[in-house]
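Structure, as structure tokens:
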Protein chains: 4
Amino acid sequence: MANEGKDNPQVRPIRLGMVGGGKDAFIGAVHRIASRIDGRYELVAGALSSTPEKALESGRALGLREDRIYASFEDMAKREARLKDGIEAVAIVTPNHVHYPAAKEFLKRGIHVICDKPLTSTLPDAKKLAKAAKSSDALFFLTHNYTGYPMVRQARELVGNGDLGKIRVVQVEYAQDWLSTDVHNKQADWRTDPARSGIGGSTGDIGTHAFNLVCFITGLTAESLAADLQSFVPGRQVDDNAHVMLRFDGGARGLLWCSQVAPGNENNLKIRVYGEKGGLEWHQEDPNYLQFTPLGEPQKLLTRGGAGMSAALAPTTRVPPGHPEGYLEGFANLYNEAADAIRAHQSGKSAASLVPGIEDGLAGERFIDACVRSSSRNAAWVKLDG
Amino acid sequence: MANEGKDNPQVRPIRLGMVGGGKDAFIGAVHRIASRIDGRYELVAGALSSTPEKALESGRALGLREDRIYASFEDMAKREARLKDGIEAVAIVTPNHVHYPAAKEFLKRGIHVICDKPLTSTLPDAKKLAKAAKSSDALFFLTHNYTGYPMVRQARELVGNGDLGKIRVVQVEYAQDWLSTDVHNKQADWRTDPARSGIGGSTGDIGTHAFNLVCFITGLTAESLAADLQSFVPGRQVDDNAHVMLRFDGGARGLLWCSQVAPGNENNLKIRVYGEKGGLEWHQEDPNYLQFTPLGEPQKLLTRGGAGMSAALAPTTRVPPGHPEGYLEGFANLYNEAADAIRAHQSGKSAASLVPGIEDGLAGERFIDACVRSSSRNAAWVKLDG
Amino acid sequence: MANEGKDNPQVRPIRLGMVGGGKDAFIGAVHRIASRIDGRYELVAGALSSTPEKALESGRALGLREDRIYASFEDMAKREARLKDGIEAVAIVTPNHVHYPAAKEFLKRGIHVICDKPLTSTLPDAKKLAKAAKSSDALFFLTHNYTGYPMVRQARELVGNGDLGKIRVVQVEYAQDWLSTDVHNKQADWRTDPARSGIGGSTGDIGTHAFNLVCFITGLTAESLAADLQSFVPGRQVDDNAHVMLRFDGGARGLLWCSQVAPGNENNLKIRVYGEKGGLEWHQEDPNYLQFTPLGEPQKLLTRGGAGMSAALAPTTRVPPGHPEGYLEGFANLYNEAADAIRAHQSGKSAASLVPGIEDGLAGERFIDACVRSSSRNAAWVKLDG
Amino acid sequence: MANEGKDNPQVRPIRLGMVGGGKDAFIGAVHRIASRIDGRYELVAGALSSTPEKALESGRALGLREDRIYASFEDMAKREARLKDGIEAVAIVTPNHVHYPAAKEFLKRGIHVICDKPLTSTLPDAKKLAKAAKSSDALFFLTHNYTGYPMVRQARELVGNGDLGKIRVVQVEYAQDWLSTDVHNKQADWRTDPARSGIGGSTGDIGTHAFNLVCFITGLTAESLAADLQSFVPGRQVDDNAHVMLRFDGGARGLLWCSQVAPGNENNLKIRVYGEKGGLEWHQEDPNYLQFTPLGEPQKLLTRGGAGMSAALAPTTRVPPGHPEGYLEGFANLYNEAADAIRAHQSGKSAASLVPGIEDGLAGERFIDACVRSSSRNAAWVKLDG
């Protein structure tokens with residue numbers, strides 16, 4: 001309940017701005033809901049669109065005060081930084097190519113950044129952003145939102161506790177079907193446009209989620225990969241299906257499949273991890289469950305909030321087991337943890353959190369880059385830090 | 001996005017008060033989250049506990065202004081009704097026996113009521129409340145929240161469209177295991193105390209949800225039932241398991257099982273409806289899916305937001321198919337629809353909505369009463385309106 | 001491998017005759033396959049049809065020697081009993097009304113009987129058959145075949161070992177959809193004809209399986225029931241849907257649903273058992289798995305042949321876990337155990353087995369009779385031994 | 001029923017011999033059951049073990065006549081070929097390295113061969129066996145048994161009918177956990193011994209099944225692959241986990257994972273096929289179902305024997321939908337089709353069948369060889385016919 005305050009100074013919501021997320025956007029509304037669920041943020045400013053008219057219209061529709069509706073993120077960064085009650089954090093929910101220039105503006109003014117993934121549209125931008133983040137006092141959060149699901153956290157704890165033993169094999173996949181044809185709409189257009197999305201198509205849009213999830217749960221570092229990328233839909237300029245073999249330090253191996261042309265798949269993100277002592281499986285479309293099998297024993301079904309779940313995960317769940325939480329609640333967990341970190345930072349305390357950050361974003365960009373490099377060399381093994 | 005406004009007068013959130021929902025409560029937080037998800041409400045006042053100290057502490061924790069924290073619902077009703085910016089609606093989330101006295105106070109002052117289920121702790125109270133609601137200009141909403149799930153709405157549409165033909169058989173169950181032993185905590189205590197919960201135990205707490213769901217989806221009216229109620233845990237004063245046979249007008253038959261002593265069940269609410277032309281199945285614990293089988297054809301898997309779903313249901317979903325929504329989003333759908341109705345009512349327009357109301361609550365009380373009457377007469381058939 | 005002998009005298013297959021099971025029959029072929037799977041039987045004689053021409057044609061199609069093809073079961077019983085290498089056992093796979101007269105003929109000649117369920121078409125016949133069986137030296141087996149599934153055996157062991165504690169609640173259902181309309185074919189015709197099938201429709205055909213499964217797994221005795229039977233398809237003379245409340249000795253309660261008019265259900269036989277200490281669930285359509293939840297622990301998934309399965313069940317499985325066995329293998333388990341019992345009996349040893357027998361058949365007939373009696377008295381409670 | 005004859009000359013069972021399958025063997029019993037289920041074969045001779053004593057003991061246990069129990073397959077081939085009622089077909093169920101020498105002996109004497117997979121233990125042996133098969137008049141069948149499952153046939157029909165459009169992506173996996181540790185028993189020992197099993201471990205034992213299944217369902221030809229093979233268990237001489245990227249003619253791509261060190265997997269063989277117009281999914285551990293999603297429509301659940309299943313598949317099922325058939329019945333389907341082909345061949349008719357044969361076996365060996373070659377070259381792409 002402590003999360004829910006409004007006017008109580010101790011529980012006062014964080015003043016949040018937003019870049020992107022205007023009319024016809026998708027992920028902006030998700031960020032707004034996620035920020036609202038537990039009452040930790042209040043949206044007070046926005047540069048919601050790249051066209052001033054739409055920005056105004058969108059800001060009004062959200063009930064923003066007109067003087068807090070901006071025509072550009074530059075304007076917003078400059079003015080909000082000077083306001084006494086200016087935004088404390090900004091959510092960047094634009095197409096990928098805007099992430100870097102926008103984030104830079106806020107970071108350099110000490111405004112905390114919550115940025116959608118992937119980090120940027122190019123690896124050089126990512127490196128520059130990493131520098132910017134390191135030289136800023138502000139915090140940087142990257143919404144690899146699947147890390148916010150309680151059962152993903154539980155999986156991470158099982159691996160961390162050694163319940164699976166040394167990890168040998170990881171299988172991860174993220175399959176969709178919405179780009180099976182040459183579809184055109186706002187979402188499809190920018191996500192298949194290398195100028196706005198980056199050189200990775202499915203690899204960038206969903207492959208990075210899958211890759212991040214592997215790293216988050218297992219703690220392993222991917223050393224090299226071999227990738228076979230395809231663009232099945234004629235004329236498509238980025239990959240829409242990717243097969244990737246992974247090698248991790250310590251000897252574990254992985255297989256990653258991402259696809260946007262697999263009919264019957266909605267947001268089929270699934271991960272399986274196998275170690276010397278046990279295996280686990282988690283499925284994003286049925287996220288309240290985690291299958292855990294200690295080698296030689298029956299499979300156990302762990303449930304969100306149920307028996308056998310780590311007590312440390314209590315803050316990531318809201319309702320009793322059997323009452324499903326979903327995508328938005330997982331997303332909200334990241335927003336809450338970012339809020340905790342921001343408040344701690346403001347009090348001069350440690351701002352450590354499990355929310356993915358700049359390094360994870362950089363790793364994701366390296367993943368995309370390595371996939372494209374490998375594929376262009378007939379799926380040769382390439383280093384991720386190459 | 002139109003739901004998300006704050007300061008825009010057209011999209012200004014509804015000022016909400018809350019009765020109950022203080023420290024250690026469960027359902028209050030659920031109502032608060034549900035009210036917040038889509039930004040349609042702002043919690044501004046509360047009488048959050050029956051003890052003044054706790055009420056104050058709870059109100060502060062939620063960030064309420066001190067002058068809007070009340071020691072009793074009577075105080076809150078009186079004062080808020082006089083305030084210029086007083087609450088427009090109140091959520092009543094207390095134990096059942098307080099529903100009637102509290103709701104009455106707000107209804108008679110024209111403040112809209114959003115009340116948790118079951119309607120009241122006794123059938124006479126329910127009848128009095130029904131009278132109070134009818135004589136009030138204010139609206140009354142009952143949070144049989146499972147009706148807010150999009151796939152429940154889809155099921156209702158399939159039946160309504162005749163896709164199942166004339167309904168013959170309904171199977172519904174709601175099973176839990178948390179009362180399998182003589183457990184004692186705040187939730188268990190009041191829910192097994194006839195003075196606070198009412199004469200129905202599992203029948204009142206979860207059976208009414210199951211019963212309501214049948215009525216909501218099928219549109220059928222239950223005429224009579226035969227119930228065999230048990231209190232398996234020694235010393236328990238209310239039923240913790242119930243087997244109920246149902247007869248509907250038009251000849252359909254049903255079977256209802258509710259239990260709080262079924263190990264391995266968390267919130268296993270499941271409904272299956274069979275008609276002359278097809279059958280459907282929905283499961284609350286995996287709520288984004290609906291199985292529909294036209295007789296003689298393969299089963300179809302309908303998904304929230306996916307192919308084959310009614311376009312009319314778009315406002316009840318937030319994220320694309322495959323990104324699960326859950327219990328809180330379903331709950332929020334009711335809050336949103338209540339907000340629509342309240343705003344319509346304030347504008348003098350029709351306030352019709354699918355949110356369950358006073359008649360549904362009365363039906364639920366009649367269901368509890370009939371279960372207990374039947375069981376006390378060795379499971380004889382009794383009329384529901386008896 | 002010891003089960004597979006042919007000419008080895010120690011492993012010589014049992015000489016089997018068959019009554020019924022000619023052209024267009026269904027269950028006869030199932031019995032033949034079940035008898036063949038492990039090589040314990042050899043079909044050598046048959047009275048396969050009630051019409052001599054069809055009997056001859058059917059016998060030839062099965063490759064029976066012409067002198068072992070009989071026009072009637074009476075002829076077969078008389079002659080085979082006199083042959084030196086006459087049948088040692090007979091499978092009776094006719095419509096229900098023939099079970100009694102046929103079984104009687106073989107029992108009185110010392111030929112072991114393997115009879116399909118339900119025991120007879122009337123309760124008086126069942127009582128007479130029970131007498132006949134008791135006064136015969138021959139063994140009598142009733143193919144309530146679902147008791148042959150390994151995971152059903154595992155469920156029985158869990159209950160027997162006290163892993164669920166004292167049983168409180170049983171939920172069982174057997175739903176089909178093939179009689180949703182006024183269909184006519186050989187199977188539908190006799191199964192909906194009271195003269196051939198008996199007074200129970202769905203209760204007799206599949207309800208008895210469900211009832212038997214409850215008794216087999218839990219060891220409980222049903223004392224009384226209240227049944228609401230329907231014939232939804234116009235003109236149907238027997239029930240096609242039944243809702244039954246059960247009371248067991250010791251206080252456990254049950255709910256049984258059987259239906260042949262539930263679109264989307266093929267052979268949906270499912271049982272759930274809940275006790276003070278745990279719960280279990282088994283589903284016939286996915287029979288290699290058993291969900292077992294000790295109260296307060298995560299659910300465990302037991303698999304046929306897998307970790308945690310009772311070693312005693314090894315003889316009921318043939319292939320490793322993950323290679324599914326099904327309906328025919330479960331049926332074959334009963335045939336094998338009957339073979340063991342027959343060989344033991346021939347050696348003068350104990351012929352005890354888990355295969356259902358005459359008492360189980362009598363219990364099934366009492367169940368049908370009680371359902372019809374109760375339903376005709378408006379679902380009043382009736383004793384099963386009434 | 002026509003399959004079930006014994007003494008009827010038209011339906012007389014085929015006289016079968018067996019090489020391997022003695023005490024402690026696993027797959028021999030599977031072949032015997034598969035041959036027995038529908039009564040199309042009679043086992044009359046065997047060279048069941050490499051040690052004469054065990055061969056005799058095993059033959060007796062199976063009830064074989066002593067003069068048909070052989071100490072070696074050479075003896076059996078020679079003598080049976082001369083007997084008037086000698087075996088018409090032989091099942092070869094030994095470790096892989098014996099497949100070639102044994103099969104050769106029978107083929108050259110005109111005795112039909114039903115051989116377990118993979119074809120041989122080396123690619124040169126496979127090529128020699130292919131020559132031997134081509135120069136023999138006898139038929140050669142390879143028990144890639146998963147092709148016998150009805151829903152696999154249905155999947156093949158859907159692809160063949162164009163219901164998925166042009167195939168783009170195939171995902172296949174076969175995961176087990178029984179070799180997660182350095183286990184030693186008869187099965188583990190020969191399957192991890194290159195001298196008996198061949199150079200492929202998991203690739204040979206289960207990868208070939210997965211590979212064959214892809215080819216069988218899609219009709220695609222794999223042109224090249226890149227494989228990353230691991231031996232996770234210290235000291236293991238063959239791979240126990242393999243990640244394989246596949247390229248098919250026509251441009252489709254595939255990903256194949258096989259593993260014997262994945263805790264929680266029993267025989268998790270799963271295939272998913274995606275084309276321009278739809279996708280399908282089949283899971284061996286729940287084999288009576290096939291998920292088929294036409295692009296833009298709800299997923300359909302096809303069931304064995306149920307609505308929407310191809311009428312041509314009727315001979316591959318025995319019992320109604322909802323009564324599961326499994327591994328042994330799928331295996332038996334191959335035996336039945338081999339029997340049809342043998343009888344047709346004996347009558348001088350076409351012996352075409354869907355049972356995998358010598359070319360499929362050769363393709364499997366090329367798959368193993370390519371996996372090992374590729375992996376030894378750091379997962380470089382290699383041709384399968386290289």
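Going by the structure tokens order, chains are called A, B, ..., each with residues numbered from 1, while ligands are numbered from 1 in the order shown.
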
Tell me, as a ChimeraX atom specification, which residues lie within 10 Å of Gln346 of chain B, counting only C-alpha atoms; anything in the same chain fewer than 6 positions away does not count. /B:88,138,340

Export N, CA and C atoms of the chosen residues as a CSV table (one decimal), in the first residue's frame?
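As written to disk, selection.csv reads:
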```csv
chain,number,residue,atom,x,y,z
B,88,GLU,N,-17.4,12.0,-6.2
B,88,GLU,CA,-18.6,11.7,-7.1
B,88,GLU,C,-19.0,10.3,-6.9
B,138,ALA,N,-28.6,8.0,-7.7
B,138,ALA,CA,-27.3,7.6,-7.9
B,138,ALA,C,-27.2,6.2,-8.5
B,340,ASP,N,-17.8,5.5,-17.5
B,340,ASP,CA,-18.6,5.9,-18.6
B,340,ASP,C,-20.1,6.2,-18.2
```

Run DSSP on the backbone and grab whatever in segment 166-310 of chain B lands in helix (DSSP H, G or I); send it over as number ranges by chain. B: 186-191, 194-197, 202-218

What are the residues of chain D that have an atom within 10 Å of an atom of chain A, counting only C-alpha atoms, as a ChimeraX atom specification? /D:164,168-171,177-178,180-181,226-230,232-233,241-247,251-257,259,261-265,272-281,291-300,378-381

Written file, previous selection with C-alpha atoms, as a PDB file, in the first residue's frame:
```pdb
ATOM      1  CA  LEU D 164       0.204 -23.609 -45.171  1.00  0.00           C
ATOM      2  CA  ARG D 168       9.318 -20.694 -44.727  1.00  0.00           C
ATOM      3  CA  VAL D 169      10.388 -21.929 -41.326  1.00  0.00           C
ATOM      4  CA  VAL D 170      10.598 -25.229 -39.498  1.00  0.00           C
ATOM      5  CA  GLN D 171      11.318 -25.615 -35.808  1.00  0.00           C
ATOM      6  CA  ASP D 177      17.123 -36.082 -19.959  1.00  0.00           C
ATOM      7  CA  TRP D 178      18.110 -39.667 -19.338  1.00  0.00           C
ATOM      8  CA  SER D 180      22.193 -35.988 -18.029  1.00  0.00           C
ATOM      9  CA  THR D 181      24.734 -37.826 -15.914  1.00  0.00           C
ATOM     10  CA  ALA D 226      25.571 -25.786 -39.615  1.00  0.00           C
ATOM     11  CA  ALA D 227      25.869 -27.727 -36.388  1.00  0.00           C
ATOM     12  CA  ASP D 228      27.261 -27.012 -32.952  1.00  0.00           C
ATOM     13  CA  LEU D 229      27.612 -30.312 -31.086  1.00  0.00           C
ATOM     14  CA  GLN D 230      28.466 -30.735 -27.462  1.00  0.00           C
ATOM     15  CA  PHE D 232      28.402 -32.076 -21.794  1.00  0.00           C
ATOM     16  CA  VAL D 233      28.939 -35.129 -19.670  1.00  0.00           C
ATOM     17  CA  ASN D 241      23.338 -31.998 -27.248  1.00  0.00           C
ATOM     18  CA  ALA D 242      23.219 -30.496 -30.700  1.00  0.00           C
ATOM     19  CA  HIS D 243      22.161 -27.182 -32.155  1.00  0.00           C
ATOM     20  CA  VAL D 244      21.632 -27.326 -35.896  1.00  0.00           C
ATOM     21  CA  MET D 245      20.664 -24.651 -38.410  1.00  0.00           C
ATOM     22  CA  LEU D 246      19.150 -26.011 -41.611  1.00  0.00           C
ATOM     23  CA  ARG D 247      18.705 -24.662 -45.120  1.00  0.00           C
ATOM     24  CA  GLY D 251      14.688 -21.216 -49.336  1.00  0.00           C
ATOM     25  CA  ALA D 252      13.032 -22.516 -46.213  1.00  0.00           C
ATOM     26  CA  ARG D 253      15.088 -22.462 -43.044  1.00  0.00           C
ATOM     27  CA  GLY D 254      15.031 -24.679 -40.022  1.00  0.00           C
ATOM     28  CA  LEU D 255      16.310 -25.013 -36.506  1.00  0.00           C
ATOM     29  CA  LEU D 256      16.840 -28.426 -34.946  1.00  0.00           C
ATOM     30  CA  TRP D 257      17.680 -29.087 -31.342  1.00  0.00           C
ATOM     31  CA  SER D 259      19.488 -33.189 -26.440  1.00  0.00           C
ATOM     32  CA  VAL D 261      20.834 -33.739 -21.105  1.00  0.00           C
ATOM     33  CA  ALA D 262      17.764 -31.532 -20.704  1.00  0.00           C
ATOM     34  CA  PRO D 263      16.230 -32.245 -17.268  1.00  0.00           C
ATOM     35  CA  GLY D 264      12.465 -32.396 -17.328  1.00  0.00           C
ATOM     36  CA  ASN D 265      12.258 -33.684 -20.895  1.00  0.00           C
ATOM     37  CA  ARG D 272       6.327 -26.587 -35.856  1.00  0.00           C
ATOM     38  CA  VAL D 273       6.010 -25.643 -39.501  1.00  0.00           C
ATOM     39  CA  TYR D 274       5.277 -22.149 -40.773  1.00  0.00           C
ATOM     40  CA  GLY D 275       4.357 -21.161 -44.283  1.00  0.00           C
ATOM     41  CA  GLU D 276       3.059 -18.123 -46.050  1.00  0.00           C
ATOM     42  CA  LYS D 277      -0.546 -19.023 -45.288  1.00  0.00           C
ATOM     43  CA  GLY D 278      -0.526 -20.822 -41.983  1.00  0.00           C
ATOM     44  CA  GLY D 279       1.292 -22.683 -39.261  1.00  0.00           C
ATOM     45  CA  LEU D 280       1.028 -26.017 -37.499  1.00  0.00           C
ATOM     46  CA  GLU D 281       2.353 -27.600 -34.348  1.00  0.00           C
ATOM     47  CA  GLN D 291      -2.748 -27.284 -33.843  1.00  0.00           C
ATOM     48  CA  PHE D 292      -3.364 -25.635 -37.182  1.00  0.00           C
ATOM     49  CA  THR D 293      -3.629 -21.880 -37.591  1.00  0.00           C
ATOM     50  CA  PRO D 294      -4.559 -20.411 -40.951  1.00  0.00           C
ATOM     51  CA  LEU D 295      -2.999 -16.949 -41.024  1.00  0.00           C
ATOM     52  CA  GLY D 296      -5.521 -14.445 -39.679  1.00  0.00           C
ATOM     53  CA  GLU D 297      -7.900 -17.030 -38.239  1.00  0.00           C
ATOM     54  CA  PRO D 298      -8.255 -18.627 -34.819  1.00  0.00           C
ATOM     55  CA  GLN D 299      -6.205 -21.705 -34.141  1.00  0.00           C
ATOM     56  CA  LYS D 300      -8.012 -24.974 -34.856  1.00  0.00           C
ATOM     57  CA  ASN D 378      33.374 -24.838 -36.021  1.00  0.00           C
ATOM     58  CA  ALA D 379      29.813 -25.127 -37.272  1.00  0.00           C
ATOM     59  CA  ALA D 380      30.590 -24.208 -40.853  1.00  0.00           C
ATOM     60  CA  TRP D 381      27.845 -24.832 -43.383  1.00  0.00           C
TER      61      TRP D 381
END
```

Any idea what's packed within 9 Å of segment 127-131 of chain C, counting only C-alpha atoms, ignoring anything in its chain fewer than 4 positions away? Could you give it as a PDB file with N, CA and C atoms, in the first residue's frame?
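Writing the result to part02.pdb gives the following:
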```
ATOM      1  N   HIS C  99     -25.522 -59.506 -21.996  1.00  0.00           N
ATOM      2  CA  HIS C  99     -24.457 -59.849 -21.046  1.00  0.00           C
ATOM      3  C   HIS C  99     -24.885 -60.965 -20.096  1.00  0.00           C
ATOM      4  N   TYR C 100     -26.072 -60.764 -19.519  1.00  0.00           N
ATOM      5  CA  TYR C 100     -26.485 -61.745 -18.512  1.00  0.00           C
ATOM      6  C   TYR C 100     -26.683 -63.140 -19.100  1.00  0.00           C
ATOM      7  N   PRO C 101     -27.553 -63.293 -20.100  1.00  0.00           N
ATOM      8  CA  PRO C 101     -27.763 -64.664 -20.598  1.00  0.00           C
ATOM      9  C   PRO C 101     -26.470 -65.298 -21.112  1.00  0.00           C
ATOM     10  N   ALA C 103     -23.224 -64.556 -20.253  1.00  0.00           N
ATOM     11  CA  ALA C 103     -22.259 -64.827 -19.180  1.00  0.00           C
ATOM     12  C   ALA C 103     -22.674 -66.067 -18.391  1.00  0.00           C
ATOM     13  N   LYS C 104     -23.963 -66.175 -18.132  1.00  0.00           N
ATOM     14  CA  LYS C 104     -24.480 -67.312 -17.359  1.00  0.00           C
ATOM     15  C   LYS C 104     -24.092 -68.653 -18.006  1.00  0.00           C
ATOM     16  N   LEU C 119     -22.678 -54.091 -16.314  1.00  0.00           N
ATOM     17  CA  LEU C 119     -22.811 -55.528 -16.095  1.00  0.00           C
ATOM     18  C   LEU C 119     -23.961 -56.131 -16.892  1.00  0.00           C
ATOM     19  N   THR C 120     -25.117 -55.494 -16.811  1.00  0.00           N
ATOM     20  CA  THR C 120     -26.319 -56.032 -17.458  1.00  0.00           C
ATOM     21  C   THR C 120     -27.200 -54.858 -17.870  1.00  0.00           C
ATOM     22  N   THR C 122     -30.383 -54.673 -16.724  1.00  0.00           N
ATOM     23  CA  THR C 122     -31.343 -54.444 -15.631  1.00  0.00           C
ATOM     24  C   THR C 122     -30.690 -54.850 -14.306  1.00  0.00           C
ATOM     25  N   LEU C 123     -31.180 -54.255 -13.238  1.00  0.00           N
ATOM     26  CA  LEU C 123     -30.653 -54.597 -11.924  1.00  0.00           C
ATOM     27  C   LEU C 123     -31.007 -56.032 -11.533  1.00  0.00           C
ATOM     28  N   SER C 135     -21.709 -68.772  -7.648  1.00  0.00           N
ATOM     29  CA  SER C 135     -21.842 -70.226  -7.596  1.00  0.00           C
ATOM     30  C   SER C 135     -20.967 -70.922  -8.630  1.00  0.00           C
ATOM     31  N   SER C 136     -20.281 -70.173  -9.440  1.00  0.00           N
ATOM     32  CA  SER C 136     -19.398 -70.780 -10.441  1.00  0.00           C
ATOM     33  C   SER C 136     -17.969 -70.784  -9.940  1.00  0.00           C
ATOM     34  N   ILE C 358     -17.527 -58.808 -10.381  1.00  0.00           N
ATOM     35  CA  ILE C 358     -18.989 -58.866 -10.299  1.00  0.00           C
ATOM     36  C   ILE C 358     -19.547 -57.844  -9.307  1.00  0.00           C
ATOM     37  N   GLU C 359     -18.821 -57.616  -8.202  1.00  0.00           N
ATOM     38  CA  GLU C 359     -19.335 -56.671  -7.212  1.00  0.00           C
ATOM     39  C   GLU C 359     -19.315 -55.246  -7.771  1.00  0.00           C
ATOM     40  N   GLY C 361     -19.597 -54.546 -10.868  1.00  0.00           N
ATOM     41  CA  GLY C 361     -20.669 -54.484 -11.850  1.00  0.00           C
ATOM     42  C   GLY C 361     -22.013 -54.270 -11.184  1.00  0.00           C
ATOM     43  N   LEU C 362     -22.200 -54.952 -10.076  1.00  0.00           N
ATOM     44  CA  LEU C 362     -23.448 -54.809  -9.328  1.00  0.00           C
ATOM     45  C   LEU C 362     -23.570 -53.388  -8.792  1.00  0.00           C
TER      46      LEU C 362
END
```

Run DSSP on the backbone and tell me which residues of segment 61-301 of chain A come out as strand (DSSP E or B); list them as number ranges by chain. A: 69, 89-92, 112-115, 140-142, 167-175, 222-230, 241-248, 253-259, 268-275, 278-283, 289-294, 299-301

Polymer residues at most 9 Å from Ile199 of chain A, only C-alpha atoms, same-chain spacing of 6 or more positions, as an NGL selection string: :A and (121-122 or 193 or 237-239 or 368-369 or 372)

Write the residues you've just listed into a file as a PDB file, in the first residue's frame, and include C-alpha atoms for each of them.
```pdb
ATOM      1  CA  SER A 121      19.000   2.212 -33.727  1.00  0.00           C
ATOM      2  CA  THR A 122      22.750   1.830 -34.224  1.00  0.00           C
ATOM      3  CA  ASP A 193      12.495   0.706 -41.750  1.00  0.00           C
ATOM      4  CA  GLN A 237      14.652  -4.458 -45.740  1.00  0.00           C
ATOM      5  CA  VAL A 238      15.251  -6.049 -42.369  1.00  0.00           C
ATOM      6  CA  ASP A 239      15.185  -9.602 -41.085  1.00  0.00           C
ATOM      7  CA  ILE A 368      21.875  -7.138 -33.133  1.00  0.00           C
ATOM      8  CA  ASP A 369      25.151  -6.070 -34.645  1.00  0.00           C
ATOM      9  CA  VAL A 372      23.805  -9.006 -38.854  1.00  0.00           C
TER      10      VAL A 372
END
```
